[in-house]
>>> print(open('input04.pdb').read())   # PDB, C-alpha atoms
ATOM      1  CA  GLU A   1       7.849 -32.806 -63.729
ATOM      2  CA  GLU A   2       5.966 -30.311 -65.842
ATOM      3  CA  ASP A   3       8.106 -27.750 -67.682
ATOM      4  CA  VAL A   4       7.331 -24.226 -66.515
ATOM      5  CA  PRO A   5       8.305 -21.128 -68.496
ATOM      6  CA  PRO A   6      10.857 -18.838 -66.831
ATOM      7  CA  LEU A   7       9.620 -15.747 -64.992
ATOM      8  CA  ASP A   8       9.262 -12.834 -67.400
ATOM      9  CA  GLU A   9      10.593 -10.302 -64.913
ATOM     10  CA  ILE A  10      10.620  -7.362 -67.319
ATOM     11  CA  LYS A  11       6.947  -7.837 -68.224
ATOM     12  CA  LEU A  12       5.893  -8.320 -64.595
ATOM     13  CA  LEU A  13       7.825  -5.291 -63.326
ATOM     14  CA  ASP A  14       6.573  -3.149 -66.187
ATOM     15  CA  ASN A  15       2.942  -4.070 -65.407
ATOM     16  CA  LEU A  16       3.413  -3.426 -61.693
ATOM     17  CA  LYS A  17       4.904   0.014 -62.431
ATOM     18  CA  LYS A  18       1.928   0.846 -64.659
ATOM     19  CA  ILE A  19      -0.507  -0.159 -61.898
ATOM     20  CA  ARG A  20       1.487   1.855 -59.319
ATOM     21  CA  ASP A  21       1.486   4.949 -61.593
ATOM     22  CA  GLU A  22      -2.252   4.590 -62.257
ATOM     23  CA  LEU A  23      -2.981   4.383 -58.519
ATOM     24  CA  ASP A  24      -0.788   7.451 -57.946
ATOM     25  CA  LYS A  25      -2.719   9.368 -60.612
ATOM     26  CA  LEU A  26      -6.082   8.342 -59.092
ATOM     27  CA  LEU A  27      -4.952   9.410 -55.614
ATOM     28  CA  LYS A  28      -3.702  12.806 -56.819
ATOM     29  CA  GLU A  29      -6.851  13.550 -58.823
ATOM     30  CA  GLY A  30      -9.080  12.344 -55.993
ATOM     31  CA  GLU A  31      -7.234  14.502 -53.461
ATOM     32  CA  ARG A  32      -7.411  17.607 -55.623
ATOM     33  CA  ASN A  33     -11.074  17.031 -56.464
ATOM     34  CA  SER A  34     -11.979  16.572 -52.789
ATOM     35  CA  LEU A  35     -10.729  20.134 -52.153
ATOM     36  CA  ILE A  36     -13.861  21.435 -53.932
ATOM     37  CA  PHE A  37     -15.892  20.019 -51.037
ATOM     38  CA  GLU A  38     -13.425  19.976 -48.152
ATOM     39  CA  GLY A  39     -11.763  23.317 -48.854
ATOM     40  CA  VAL A  40      -8.275  24.716 -49.384
ATOM     41  CA  ASN A  41      -6.056  25.780 -46.471
ATOM     42  CA  VAL A  42      -4.263  29.127 -46.771
ATOM     43  CA  THR A  43      -1.827  30.036 -43.991
ATOM     44  CA  ILE A  44      -0.557  33.540 -43.266
ATOM     45  CA  ALA A  45       3.032  33.331 -42.018
ATOM     46  CA  GLY A  46       5.944  35.640 -41.241
ATOM     47  CA  LYS A  47       7.864  37.296 -38.416
ATOM     48  CA  PRO A  48       6.025  38.867 -35.448
ATOM     49  CA  ASN A  49       4.437  42.273 -36.004
ATOM     50  CA  VAL A  50       4.652  42.312 -39.811
ATOM     51  CA  GLY A  51       0.852  42.639 -40.015
ATOM     52  CA  LYS A  52      -0.307  39.025 -40.376
ATOM     53  CA  SER A  53      -3.424  39.539 -38.237
ATOM     54  CA  SER A  54      -4.219  42.789 -40.043
ATOM     55  CA  LEU A  55      -3.992  40.983 -43.385
ATOM     56  CA  PHE A  56      -6.206  38.195 -41.986
ATOM     57  CA  ASN A  57      -8.793  40.802 -40.983
ATOM     58  CA  SER A  58      -8.527  42.658 -44.317
ATOM     59  CA  ILE A  59      -9.177  39.523 -46.372
ATOM     60  CA  LEU A  60     -12.009  38.344 -44.097
ATOM     61  CA  LYS A  61     -13.484  41.843 -43.889
ATOM     62  CA  LYS A  62     -13.993  41.612 -40.145
ATOM     63  CA  GLU A  63     -12.094  42.055 -36.911
ATOM     64  CA  ARG A  64     -11.445  38.407 -36.026
ATOM     65  CA  ALA A  65      -7.801  38.573 -34.961
ATOM     66  CA  ILE A  66      -6.744  40.934 -32.153
ATOM     67  CA  VAL A  67      -4.391  43.465 -33.689
ATOM     68  CA  THR A  68      -1.902  45.213 -31.401
ATOM     69  CA  GLU A  69       1.550  46.731 -31.689
ATOM     70  CA  ILE A  70       3.066  44.145 -29.311
ATOM     71  CA  PRO A  71       5.157  41.556 -31.184
ATOM     72  CA  GLY A  72       4.114  37.951 -30.642
ATOM     73  CA  THR A  73       0.442  38.665 -29.769
ATOM     74  CA  THR A  74      -1.007  35.684 -31.636
ATOM     75  CA  ARG A  75      -0.130  32.805 -29.311
ATOM     76  CA  ASP A  76      -2.051  30.135 -31.212
ATOM     77  CA  PHE A  77      -3.444  29.911 -34.715
ATOM     78  CA  ILE A  78      -6.992  31.079 -35.454
ATOM     79  CA  HIS A  79      -8.918  30.450 -38.632
ATOM     80  CA  GLU A  80     -11.988  31.502 -40.578
ATOM     81  CA  GLU A  81     -13.579  30.127 -43.739
ATOM     82  CA  ILE A  82     -14.816  32.111 -46.745
ATOM     83  CA  PHE A  83     -15.672  31.206 -50.350
ATOM     84  CA  LEU A  84     -13.396  32.315 -53.177
ATOM     85  CA  GLY A  85     -14.537  31.425 -56.696
ATOM     86  CA  GLY A  86     -17.084  29.020 -55.201
ATOM     87  CA  ILE A  87     -14.400  27.052 -53.320
ATOM     88  CA  PRO A  88     -14.310  26.982 -49.500
ATOM     89  CA  VAL A  89     -11.033  28.509 -48.301
ATOM     90  CA  ARG A  90      -9.829  28.363 -44.693
ATOM     91  CA  PHE A  91      -7.470  31.198 -43.763
ATOM     92  CA  TYR A  92      -5.153  30.573 -40.808
ATOM     93  CA  ASP A  93      -3.497  33.381 -38.844
ATOM     94  CA  THR A  94      -0.423  32.091 -37.021
ATOM     95  CA  ALA A  95       2.095  33.136 -34.395
ATOM     96  CA  GLY A  96       5.144  35.043 -35.668
ATOM     97  CA  LEU A  97       8.072  32.874 -36.682
ATOM     98  CA  ARG A  98      10.992  33.573 -34.373
ATOM     99  CA  THR A  99      13.103  31.926 -31.683
ATOM    100  CA  THR A 100      11.787  32.980 -28.302
ATOM    101  CA  PRO A 101      12.592  32.029 -24.679
ATOM    102  CA  GLU A 102       8.957  32.719 -23.712
ATOM    103  CA  PRO A 103       7.355  29.231 -23.314
ATOM    104  CA  VAL A 104       3.774  30.111 -24.323
ATOM    105  CA  GLU A 105       4.906  31.975 -27.423
ATOM    106  CA  SER A 106       7.314  29.183 -28.399
ATOM    107  CA  ILE A 107       4.354  26.743 -28.363
ATOM    108  CA  GLY A 108       2.523  29.141 -30.694
ATOM    109  CA  VAL A 109       5.544  29.208 -33.037
ATOM    110  CA  ALA A 110       5.689  25.388 -33.052
ATOM    111  CA  ARG A 111       1.968  25.239 -33.903
ATOM    112  CA  ALA A 112       2.473  27.835 -36.638
ATOM    113  CA  ARG A 113       5.022  25.537 -38.280
ATOM    114  CA  GLU A 114       2.546  22.636 -38.080
ATOM    115  CA  VAL A 115      -0.166  24.735 -39.741
ATOM    116  CA  ILE A 116       2.293  25.815 -42.459
ATOM    117  CA  GLU A 117       3.121  22.150 -43.066
ATOM    118  CA  SER A 118      -0.542  21.231 -43.603
ATOM    119  CA  ALA A 119      -1.389  24.259 -45.785
ATOM    120  CA  HIS A 120      -1.972  24.205 -49.525
ATOM    121  CA  LEU A 121      -0.897  27.842 -49.973
ATOM    122  CA  ILE A 122       1.230  30.188 -47.829
ATOM    123  CA  LEU A 123       0.959  33.975 -47.716
ATOM    124  CA  PHE A 124       4.397  34.993 -46.451
ATOM    125  CA  VAL A 125       4.162  38.537 -45.040
ATOM    126  CA  LEU A 126       6.987  41.086 -44.742
ATOM    127  CA  ASP A 127       6.960  44.513 -43.117
ATOM    128  CA  GLY A 128       7.890  46.663 -46.119
ATOM    129  CA  SER A 129       8.598  49.674 -43.907
ATOM    130  CA  LYS A 130      11.689  47.872 -42.574
ATOM    131  CA  HIS A 131      14.739  46.330 -44.175
ATOM    132  CA  ILE A 132      14.632  42.610 -44.834
ATOM    133  CA  ASP A 133      15.999  40.300 -42.168
ATOM    134  CA  GLU A 134      18.177  37.411 -43.442
ATOM    135  CA  GLU A 135      16.130  35.075 -41.197
ATOM    136  CA  GLU A 136      13.051  35.953 -43.267
ATOM    137  CA  ILE A 137      14.785  34.778 -46.440
ATOM    138  CA  GLU A 138      15.766  31.539 -44.664
ATOM    139  CA  GLU A 139      12.168  30.999 -43.456
ATOM    140  CA  TRP A 140      10.821  31.671 -46.975
ATOM    141  CA  ASN A 141      13.260  29.182 -48.516
ATOM    142  CA  SER A 142      12.452  26.532 -45.904
ATOM    143  CA  ILE A 143       8.757  26.527 -46.915
ATOM    144  CA  LYS A 144       8.407  23.943 -49.688
ATOM    145  CA  LYS A 145       4.819  24.830 -50.519
ATOM    146  CA  GLU A 146       2.985  26.963 -53.040
ATOM    147  CA  LYS A 147       3.583  30.483 -51.664
ATOM    148  CA  ILE A 148       2.951  34.172 -52.310
ATOM    149  CA  LEU A 149       5.184  36.977 -51.019
ATOM    150  CA  VAL A 150       3.183  39.843 -49.488
ATOM    151  CA  VAL A 151       4.937  43.131 -48.630
ATOM    152  CA  ASN A 152       2.730  44.885 -46.091
ATOM    153  CA  LYS A 153       2.640  48.454 -44.705
ATOM    154  CA  ALA A 154       3.149  49.997 -48.158
ATOM    155  CA  ASP A 155       1.434  53.163 -46.830
ATOM    156  CA  LEU A 156       4.464  53.826 -44.588
ATOM    157  CA  GLY A 157       6.829  53.949 -47.573
ATOM    158  CA  LEU A 158       8.983  50.996 -48.532
ATOM    159  CA  ALA A 159      12.341  50.660 -46.797
ATOM    160  CA  ALA A 160      12.795  47.156 -48.246
ATOM    161  CA  THR A 161      14.783  47.714 -51.440
ATOM    162  CA  HIS A 162      14.241  46.001 -54.777
ATOM    163  CA  LYS A 163      17.603  44.271 -54.317
ATOM    164  CA  GLU A 164      16.541  42.915 -50.903
ATOM    165  CA  LEU A 165      13.227  41.630 -52.273
ATOM    166  CA  GLU A 166      15.004  39.974 -55.210
ATOM    167  CA  LYS A 167      16.731  37.653 -52.703
ATOM    168  CA  PHE A 168      13.398  35.874 -52.159
ATOM    169  CA  ASN A 169      13.325  34.865 -55.827
ATOM    170  CA  ALA A 170       9.519  35.115 -55.707
ATOM    171  CA  PRO A 171       7.690  34.992 -59.074
ATOM    172  CA  ASN A 172       5.186  37.634 -57.901
ATOM    173  CA  ILE A 173       5.409  40.155 -55.068
ATOM    174  CA  PHE A 174       2.243  41.855 -53.825
ATOM    175  CA  LYS A 175       2.637  45.217 -52.108
ATOM    176  CA  VAL A 176      -0.322  45.938 -49.841
ATOM    177  CA  SER A 177      -1.491  48.181 -47.034
ATOM    178  CA  CYS A 178      -3.947  46.675 -44.582
ATOM    179  CA  LEU A 179      -4.526  50.190 -43.230
ATOM    180  CA  THR A 180      -5.638  51.791 -46.521
ATOM    181  CA  GLY A 181      -6.734  48.609 -48.352
ATOM    182  CA  GLU A 182      -4.196  49.211 -51.137
ATOM    183  CA  GLY A 183      -3.418  46.019 -53.109
ATOM    184  CA  ILE A 184      -5.767  43.763 -51.090
ATOM    185  CA  GLU A 185      -8.211  43.082 -53.952
ATOM    186  CA  GLU A 186      -5.339  42.288 -56.326
ATOM    187  CA  LEU A 187      -3.902  39.880 -53.735
ATOM    188  CA  GLU A 188      -7.326  38.189 -53.301
ATOM    189  CA  ARG A 189      -7.550  37.658 -57.086
ATOM    190  CA  ALA A 190      -4.075  36.092 -57.057
ATOM    191  CA  ILE A 191      -5.071  33.803 -54.157
ATOM    192  CA  GLU A 192      -8.199  32.739 -56.077
ATOM    193  CA  GLU A 193      -6.120  31.945 -59.182
ATOM    194  CA  ARG A 194      -3.642  29.869 -57.162
ATOM    195  CA  ILE A 195      -6.468  28.012 -55.420
ATOM    196  CA  LYS A 196      -7.971  26.995 -58.762
ATOM    197  CA  MET A 197      -4.644  25.344 -59.624
ATOM    198  CA  PHE A 198      -5.304  22.802 -56.854
ATOM    199  CA  ILE A 199      -8.668  21.743 -58.273
ATOM    200  CA  VAL A 200      -9.248  19.248 -61.098
ATOM    201  CA  PRO A 201     -11.644  21.248 -63.319
ATOM    202  CA  SER A 202     -13.711  18.393 -64.796
ATOM    203  CA  SER A 203     -12.931  15.410 -62.616
ATOM    204  CA  GLU A 204     -15.701  12.825 -62.820
ATOM    205  CA  PHE A 205     -15.018  11.219 -59.458
ATOM    206  CA  SER A 206     -14.102  11.936 -55.884
ATOM    207  CA  LEU A 207     -12.656   9.622 -53.246
ATOM    208  CA  SER A 208     -13.940   9.060 -49.734
ATOM    209  CA  ARG A 209     -11.390   8.914 -46.914
ATOM    210  CA  ARG A 210     -11.795   5.114 -46.827
ATOM    211  CA  GLU A 211     -11.183   4.779 -50.574
ATOM    212  CA  THR A 212      -8.149   7.063 -50.366
ATOM    213  CA  HIS A 213      -6.751   4.942 -47.527
ATOM    214  CA  LEU A 214      -7.301   1.657 -49.421
ATOM    215  CA  LEU A 215      -5.809   2.973 -52.680
ATOM    216  CA  SER A 216      -2.805   4.279 -50.728
ATOM    217  CA  ARG A 217      -2.356   0.869 -49.063
ATOM    218  CA  ALA A 218      -2.486  -0.868 -52.465
ATOM    219  CA  LYS A 219       0.088   1.561 -53.874
ATOM    220  CA  ILE A 220       2.422   1.026 -50.884
ATOM    221  CA  GLU A 221       2.202  -2.777 -51.236
ATOM    222  CA  ILE A 222       3.003  -2.610 -54.962
ATOM    223  CA  GLU A 223       5.947  -0.288 -54.239
ATOM    224  CA  GLU A 224       7.169  -2.815 -51.645
ATOM    225  CA  ALA A 225       6.929  -5.591 -54.240
ATOM    226  CA  LEU A 226       8.855  -3.471 -56.774
ATOM    227  CA  SER A 227      11.616  -2.306 -54.423
ATOM    228  CA  ASN A 228      12.154  -5.774 -52.899
ATOM    229  CA  PHE A 229      11.833  -7.793 -56.096
ATOM    230  CA  LYS A 230      15.520  -8.774 -56.288
ATOM    231  CA  LYS A 231      16.126  -8.779 -52.535
ATOM    232  CA  VAL A 232      13.582 -11.266 -51.141
ATOM    233  CA  PRO A 233      12.069 -14.635 -52.177
ATOM    234  CA  LEU A 234       9.245 -14.397 -54.703
ATOM    235  CA  ASP A 235       6.662 -15.713 -52.249
ATOM    236  CA  ILE A 236       7.240 -12.536 -50.171
ATOM    237  CA  VAL A 237       6.754 -10.449 -53.321
ATOM    238  CA  SER A 238       3.488 -12.329 -53.914
ATOM    239  CA  PHE A 239       2.491 -11.615 -50.273
ATOM    240  CA  HIS A 240       2.759  -7.863 -50.975
ATOM    241  CA  LEU A 241       0.764  -8.293 -54.181
ATOM    242  CA  GLN A 242      -1.903 -10.257 -52.277
ATOM    243  CA  ASN A 243      -2.193  -7.411 -49.737
ATOM    244  CA  GLY A 244      -2.422  -4.861 -52.547
ATOM    245  CA  PHE A 245      -5.197  -6.801 -54.279
ATOM    246  CA  ASN A 246      -7.023  -7.234 -50.960
ATOM    247  CA  SER A 247      -7.103  -3.447 -50.503
ATOM    248  CA  LEU A 248      -8.466  -2.908 -54.011
ATOM    249  CA  ASN A 249     -10.948  -5.744 -53.490
ATOM    250  CA  GLN A 250     -12.467  -3.851 -50.532
ATOM    251  CA  ILE A 251     -13.317  -1.007 -52.907
ATOM    252  CA  PHE A 252     -14.436  -2.968 -55.969
ATOM    253  CA  GLY A 253     -15.907  -6.078 -54.323
ATOM    254  CA  TRP A 254     -14.337  -8.636 -56.647
ATOM    255  CA  GLY A 255     -14.790 -11.477 -54.155
ATOM    256  CA  ASP A 256     -12.242 -14.236 -54.728
ATOM    257  CA  ILE A 257     -10.479 -12.503 -57.589
ATOM    258  CA  PRO A 258      -7.227 -11.783 -55.683
ATOM    259  CA  GLU A 259      -6.578 -15.512 -55.258
ATOM    260  CA  ARG A 260      -7.453 -16.259 -58.878
ATOM    261  CA  VAL A 261      -5.300 -13.396 -60.138
ATOM    262  CA  LEU A 262      -2.335 -14.536 -58.066
ATOM    263  CA  ASN A 263      -2.838 -18.157 -59.194
ATOM    264  CA  SER A 264      -2.668 -17.011 -62.799
ATOM    265  CA  ILE A 265       0.517 -15.066 -61.989
ATOM    266  CA  PHE A 266       1.926 -18.186 -60.319
ATOM    267  CA  SER A 267       1.211 -20.334 -63.404
ATOM    268  CA  GLU A 268       2.354 -17.741 -65.926
ATOM    269  CA  PHE A 269       5.459 -16.508 -64.136
ATOM    270  CA  CYS A 270       6.133 -19.527 -61.852
ATOM    271  CA  ILE A 271       6.253 -17.441 -58.678
ATOM    272  CA  GLY A 272       6.837 -19.723 -55.712
ATOM    273  CA  LYS A 273       7.457 -22.849 -57.808
TER
END
>>> encode(input="input04.pdb", output="structure tokens")
Amino acid sequence: EEDVPPLDEIKLLDNLKKIRDELDKLLKEGERNSLIFEGVNVTIAGKPNVGKSSLFNSILKKERAIVTEIPGTTRDFIHEEIFLGGIPVRFYDTAGLRTTPEPVESIGVARAREVIESAHLILFVLDGSKHIDEEEIEEWNSIKKEKILVVNKADLGLAATHKELEKFNAPNIFKVSCLTGEGIEELERAIEERIKMFIVPSSEFSLSRRETHLLSRAKIEIEEALSNFKKVPLDIVSFHLQNGFNSLNQIFGWGDIPERVLNSIFSEFCIGK
């Protein structure tokens, strides 16, 4: 029987990790670049009656949200799109975050959390004319997204103390008044700066949804091969690699290359022999 060299596991695993990391980099750049065309989502969040709808209207320069003094007025999210720095930005106004027995409002709160989850940037609004509620700090900390703290109703005089605001551990705090317009332009500039952070400035490519899906599939299959390398027979590892190559093949049109690549891996590393 022909002598076959032993499997060079270190070399194989190292190469698979490099491919996985390269796919990850492509996916991240492609996603960020697509935001130039598809737009960035900015969600306005906070307790009821802190002035979220007023802030929404102030930024969009029109009366889109119904503003009243009754807490919990926004039952569902509404959104509008504007351009900031040449990038399309969708602003979402959401229901106030609180526990409520009222069924319709509780649906609005649940939807608000969904919109927060899908946002790129959160504007978390406080009513500066009142003392900070511990629940607000908990809500702020639970949001694991890029976020800006906005202290509204500055025209009424701030009851929220510096010590209270420090608890949010926010890098920047913007004090605004939707009534007088104080601080709104400064906040818009800050939003524009944050939005630019999501965009790759000179990316030479963008990914379609199909390409993103196929690259993601290839990355998942390679991760499966890596995580199961010592746990399953090598022919199962090669099955994951075959699937990964098949996904890439649908983008690049290599034809029969997956089989030839795997055959060369078989002969070089004796997978399945």
>>> resolve_selection(input="input04.pdb", expression="the PyMOL selection byres ((chain A and resi 123-135) around 8)", output="PyMOL selection string")
chain A and resi 42-47+49-52+121-122+136-140+147-154+156-161+164-165
>>> closest_residue(input="input04.pdb", among="A:Glu114, A:Asp93, A:Ile251, A:Leu35", to="His213 of chain A", atoms="only C-alpha atoms")
A:Ile251
>>> closest_residue(input="input04.pdb", among="A:Ile222, A:Phe239, A:Leu234, A:Phe252", to="Asn15 of chain A", atoms="all atoms listed in the file")
A:Ile222
>>> atom_distance(input="input04.pdb", atom1="atom CA of Ser227 of chain A", atom2="atom CA of Asn249 of chain A")
22.8 Å
>>> residues_near_point(input="input04.pdb", point="(-6.0, 44.4, -45.9)", cutoff="7 Å", atoms="all atoms listed in the file", output="MDAnalysis selection string")
chainID A and resid 54:55 57:59 177:179 181 184
>>> closest_residue(input="input04.pdb", among="A:Ile116, A:Leu12, A:Leu27, A:Ile87", to="Lys196 of chain A", atoms="all atoms listed in the file")
A:Ile87
>>> resolve_selection(input="input04.pdb", expression="the PyMOL selection byres ((chain A and resi 194) around 12)", output="compact mmCIF listing (two decimals) with C-alpha atoms, keeping the file's coordinate frame")
# COMPACT_ATOMS: atom_id res chain seq x y z
CA VAL A 40 -8.28 24.72 -49.38
CA ASN A 41 -6.06 25.78 -46.47
CA VAL A 42 -4.26 29.13 -46.77
CA LEU A 84 -13.40 32.32 -53.18
CA GLY A 85 -14.54 31.42 -56.70
CA ILE A 87 -14.40 27.05 -53.32
CA VAL A 89 -11.03 28.51 -48.30
CA HIS A 120 -1.97 24.20 -49.52
CA LEU A 121 -0.90 27.84 -49.97
CA ILE A 122 1.23 30.19 -47.83
CA LEU A 123 0.96 33.98 -47.72
CA LYS A 145 4.82 24.83 -50.52
CA GLU A 146 2.98 26.96 -53.04
CA LYS A 147 3.58 30.48 -51.66
CA ILE A 148 2.95 34.17 -52.31
CA ASN A 172 5.19 37.63 -57.90
CA LEU A 187 -3.90 39.88 -53.74
CA GLU A 188 -7.33 38.19 -53.30
CA ARG A 189 -7.55 37.66 -57.09
CA ALA A 190 -4.08 36.09 -57.06
CA ILE A 191 -5.07 33.80 -54.16
CA GLU A 192 -8.20 32.74 -56.08
CA GLU A 193 -6.12 31.94 -59.18
CA ILE A 195 -6.47 28.01 -55.42
CA LYS A 196 -7.97 27.00 -58.76
CA MET A 197 -4.64 25.34 -59.62
CA PHE A 198 -5.30 22.80 -56.85
CA ILE A 199 -8.67 21.74 -58.27
